[in-house]
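Take a look at the structure below.
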Amino acid sequence: MADTSGTVVVGFDLGHGESALAKAHTSTTLAPEIVDIGSTGGGRQHVTVVAEHPTRGVLVGREAAEAKGVTSLYLAFKSPEFGREEVRHPVLLFVAKVKADAVARDGELGDKRRVRWVFGAPSGWSGDLRRAYADLLRSAGLQQVDVVPESRAAMLYARESMDITIGQDQLSGSIVVTDVGSSTTDFTRVLGYHTGPPIDTGVQLGAGLIDRTILERQLERHSERKALEELLHNNRLLRLRLELLCREVKEMYFRTDPSRFADDPDATVGGVHRVQIDKKSFYFDIELTAADMEAVLDAPQPSLEGRSWRQAFRDALDEVAQEVGGQPDAVLLTGGASRMHFVQEQTREVFGADRVLLGLEPEVAIARGLALAGRMSLRAAGFRADIRKLLEGDRIGSLVQDRLPSLGAKLGEAVADGMTERHVIPAFRRWQAGQIATLNDMAAGITSALHAELTDPDNPRLKQVITDWQNELRPDLEELTRPICRRWHIPPSAMALPAVEVSGGQLEVPFDSAAATQVLDNIAKVMNVVVAGVVATTLFGAGTAIIAATGPFAVIIAFVVVLVGLSEGKEAAMRKAQEANIPMWMRKVGGENRLVNKLRQGAGPQEAQLAAAFSAQFLDDGGQKLMSEIAKGIADDLDALAEAAELLVS
């Protein structure tokens with residue numbers, strides 16, 4: 001893949017009401033920074049408004065809302081219905097203009113090859129819908145575009161933000177992400193880093209409804225109410241501007257310390273907009289006291305089945321609590337509207353004050369989280385590519401191949417050591433007792449017992465050999481991955497693989513169970529999971545077939561024939577004896593103990609000879625295949641685990 005170490009990732013939170021940008025560099029681990037946007041004056045956020053002017057071109061944000069003589073004005077246009085021109089056109093205009101303004105203010109965003117734009121989408125959008133959204137955004141002049149769920153961005157922001165305290169147990173547990181926006185309030189459950197479908201509360205609970213309620217109540221008070229209502233009915237641009245003014249006053253109210261209104265019930269926040277009707281000018285002004293805002297929040301809303309916005313939000317919280325089936329580990333509030341005091345209070349009442357999390361700047365939380373998501377995605381892809389390149393080369397294979405002789409020798413010892421006592425002598429005694437007809441039958445029985453022993457996945461002798469060999473392999477693997485860790489800003493110590501142990505006949509690996517779900521900054525820990533079982537799995541899978549069906553097993557058969565023959569000479573006579581049903585009296589000539597002792601006297605050197613022959617044949621017949629299987633298993637498992645680590649809350 002292309003080198004992405006110098007890439008700038010821009011998180012573009014295109015919201016229904018407000019939009020924000022944040023950037024992060026793949027070459028550092030610094031927190032994302034907010035990008036000032038706007039053609040004049042800058043600013044941490046844009047109101048999501050775009051207009052077309054006959055001489056000034058495309059205008060966005062406040063400039064679009066306040067400009068005179070515009071030919072079109074679009075507000076609240078974010079929608080999954082990309083095929084509609086009233087959605088597609090303003091999205092393209094807004095994104096292209098914001099991008100151009102950001103590039104003009106920040107020169108490093110102008111290199112298309114080195115900038116990746118990451119947009120958010122509601123959790124309910126399918127993968128196909130996100131891909132269609134990305135295609136639309138590329139049409140706005142963005143070369144590299146990703147679209148990720150906003151709930152994932154919120155989780156990454158919570159994890160990285162210094163102004164939110166969230167524990168690892170909470171991150172890996174059950175979290176409800178509550179994004180309070182202008183058009184909707186989205187509730188998404190995230191369980192163990194995996195995002196579930198959004199929780200449907202049955203209502204479109206957007207904070208924009210509060211803005212429209214403020215507008216209607218202010219119209220009722222205005223001295224020019226009738227003329228204004230008639231004008232707004234025919235002038236959509238003016239209505240959009242006045243709704244925007246109401247939104248700004250609402251935000252001003254909830255940014256004000258509540259103690260100000262408690263100390264002075266007549267204290268107000270407000271704004272004003274100049275309106276002209278038939279060459280007559282007057283001002284549409286807004287003044288809100290605490291009592292006014294309380295009345296707005298408690299006003300019955302036809303679209304909410306007659307409930308007030310505040311009551312509908314509380315009902316939605318109760319429904320979510322019932323849906324998740326108990327108290328989640330945390331509830332994360334995002335979106336500018338989450339600053340509304342009652343939103344925080346009601347959420348704490350339903351889920352518990354100690355579980356509700358809110359950052360200092362919830363309005364830019366998603367933008368920062370999107371930048372993090374993009375950076376982590378690039379690092380994960382780069383990390384996986386480097387690991388894949390390493391494993392597709394010959395270094396891992398050579399490392400495994402260099403250590404295969406040691407494995408073969410230890411396996412030979414495990415197979416041969418004590419085989420006389422475990423299998424040969426018991427079979428010989430059954431032959432003497434007439435339970436086995438011929439020496440060949442005895443050899444076949446011993447061979448069958450050895451086959452069962454070798455292919456038993458719970459064989460503690462083989463497990464111990466494999467465990468010891470694997471633990472010897474770990475330090476060399478870590479040395480190969482250490483440079484990759486350094487390149488992708490991963491602590492090399494994170495590649496310290498756990499020792500494998502045999503306990504109660506079972507392979508055990510004392511690794512951190514959360515290793516496979518850590519974010520990319522700790523992704524090296526996934527190696528704990530990878531190498532912990534792949535070698536053992538391979539040896540008891542493909543390796544078993546190699547041992548049991550090819551040369552090494554043939555060596556065992558030959559060895560058994562020699563043992564049961566009690567002599568290495570007189571080949572022709574022995575062949576006949578092995579096939580004959582020797583009379584019982586002849587089987588006992590010399591006494592059982594004398595013959596058993598003779599077996600034992602020759603067991604040591606013969607078992608050593610078998611171990612050496614087994615090891616040599618193991619390497620000749622199965623070494624190359626086993627090396628390939630182990631390398632392939634490590635590559636496949638590491639790639640899958642790296643991908644899982646990248647998609648933490650998708």
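We label chains A, B, ... in the order they appear in the structure tokens, count residues from 1 in each chain, and number ligands from 1 in the order shown.
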message = With only C-alpha atoms as the counted atoms, please give the residues lying no more than 12 Å from Lys410 in chain A, apart from itself and same-chain residues fewer than 4 positions off, as JSON, numbers by chain.
response = {"A": [403, 404, 405, 406, 414, 415, 416, 417, 461, 462, 463, 464, 465, 466, 467, 468, 469, 608, 611, 612, 614, 615, 616, 618]}
ask   = Skipping near chain neighbours, those fewer than 6 positions away, what residues fall within 12 Å of Ser161 in chain A using only C-alpha atoms, listed as a ChimeraX atom specification?
value = /A:30-33,153-155,357-362,364-366,368-369,372
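CA of Thr29 in chain A to CA of Val10 in chain A spans 14.7 Å [interatomic distance, one decimal].
Distance-wise, CA of Leu333 in chain A and CA of Ala132 in chain A end up 27.9 Å apart.
All residues of protein, DNA or RNA that reach within 8 Å of Val177 in chain A, judged by only C-alpha atoms and not counting those fewer than 6 positions away in the chain, are Ser151, Ala154, Met155, Asp186, Phe187, Thr188, Arg189, Val190, Val331, Leu332, Leu333 and Thr334 of chain A.
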Would you output that residue set with N, CA and C atoms, as an mmCIF file, in the first residue's frame?
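In the end it all went to again_22.cif:
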data_model
loop_
_atom_site.group_PDB
_atom_site.id
_atom_site.type_symbol
_atom_site.label_atom_id
_atom_site.label_comp_id
_atom_site.auth_asym_id
_atom_site.auth_seq_id
_atom_site.Cartn_x
_atom_site.Cartn_y
_atom_site.Cartn_z
ATOM 1 N N SER A 151 -21.531 6.857 15.837
ATOM 2 C CA SER A 151 -21.402 6.253 17.164
ATOM 3 C C SER A 151 -19.978 5.776 17.402
ATOM 4 N N ALA A 154 -17.956 8.790 18.248
ATOM 5 C CA ALA A 154 -18.225 9.215 19.623
ATOM 6 C C ALA A 154 -17.453 8.363 20.619
ATOM 7 N N MET A 155 -17.382 7.056 20.370
ATOM 8 C CA MET A 155 -16.661 6.169 21.268
ATOM 9 C C MET A 155 -15.167 6.475 21.271
ATOM 10 N N ASP A 186 -30.397 10.451 18.200
ATOM 11 C CA ASP A 186 -30.081 9.056 17.897
ATOM 12 C C ASP A 186 -29.544 8.362 19.139
ATOM 13 N N PHE A 187 -30.128 7.200 19.432
ATOM 14 C CA PHE A 187 -29.655 6.357 20.527
ATOM 15 C C PHE A 187 -29.060 5.089 19.915
ATOM 16 N N THR A 188 -27.808 4.824 20.231
ATOM 17 C CA THR A 188 -27.134 3.649 19.675
ATOM 18 C C THR A 188 -26.455 2.895 20.796
ATOM 19 N N ARG A 189 -26.697 1.606 20.853
ATOM 20 C CA ARG A 189 -26.047 0.780 21.869
ATOM 21 C C ARG A 189 -24.754 0.197 21.317
ATOM 22 N N VAL A 190 -23.692 0.347 22.076
ATOM 23 C CA VAL A 190 -22.395 -0.215 21.717
ATOM 24 C C VAL A 190 -22.037 -1.232 22.793
ATOM 25 N N VAL A 331 -23.380 6.148 29.558
ATOM 26 C CA VAL A 331 -24.192 6.826 28.549
ATOM 27 C C VAL A 331 -23.397 8.048 28.108
ATOM 28 N N LEU A 332 -23.073 8.100 26.827
ATOM 29 C CA LEU A 332 -22.253 9.182 26.290
ATOM 30 C C LEU A 332 -23.136 10.162 25.532
ATOM 31 N N LEU A 333 -23.139 11.430 25.968
ATOM 32 C CA LEU A 333 -23.908 12.476 25.317
ATOM 33 C C LEU A 333 -23.032 13.241 24.343
ATOM 34 N N THR A 334 -23.510 13.394 23.112
ATOM 35 C CA THR A 334 -22.798 14.196 22.115
ATOM 36 C C THR A 334 -23.800 15.092 21.406
#
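As for CA of Gly270 in chain A and CA of Val343 in chain A, they are spaced 21.6 Å apart.
If you measure from each of A:Asp128, A:Glu108, A:Asp394, A:Glu63 to Gly6 in chain A using only C-alpha atoms, the closest one turns out to be A:Glu108.
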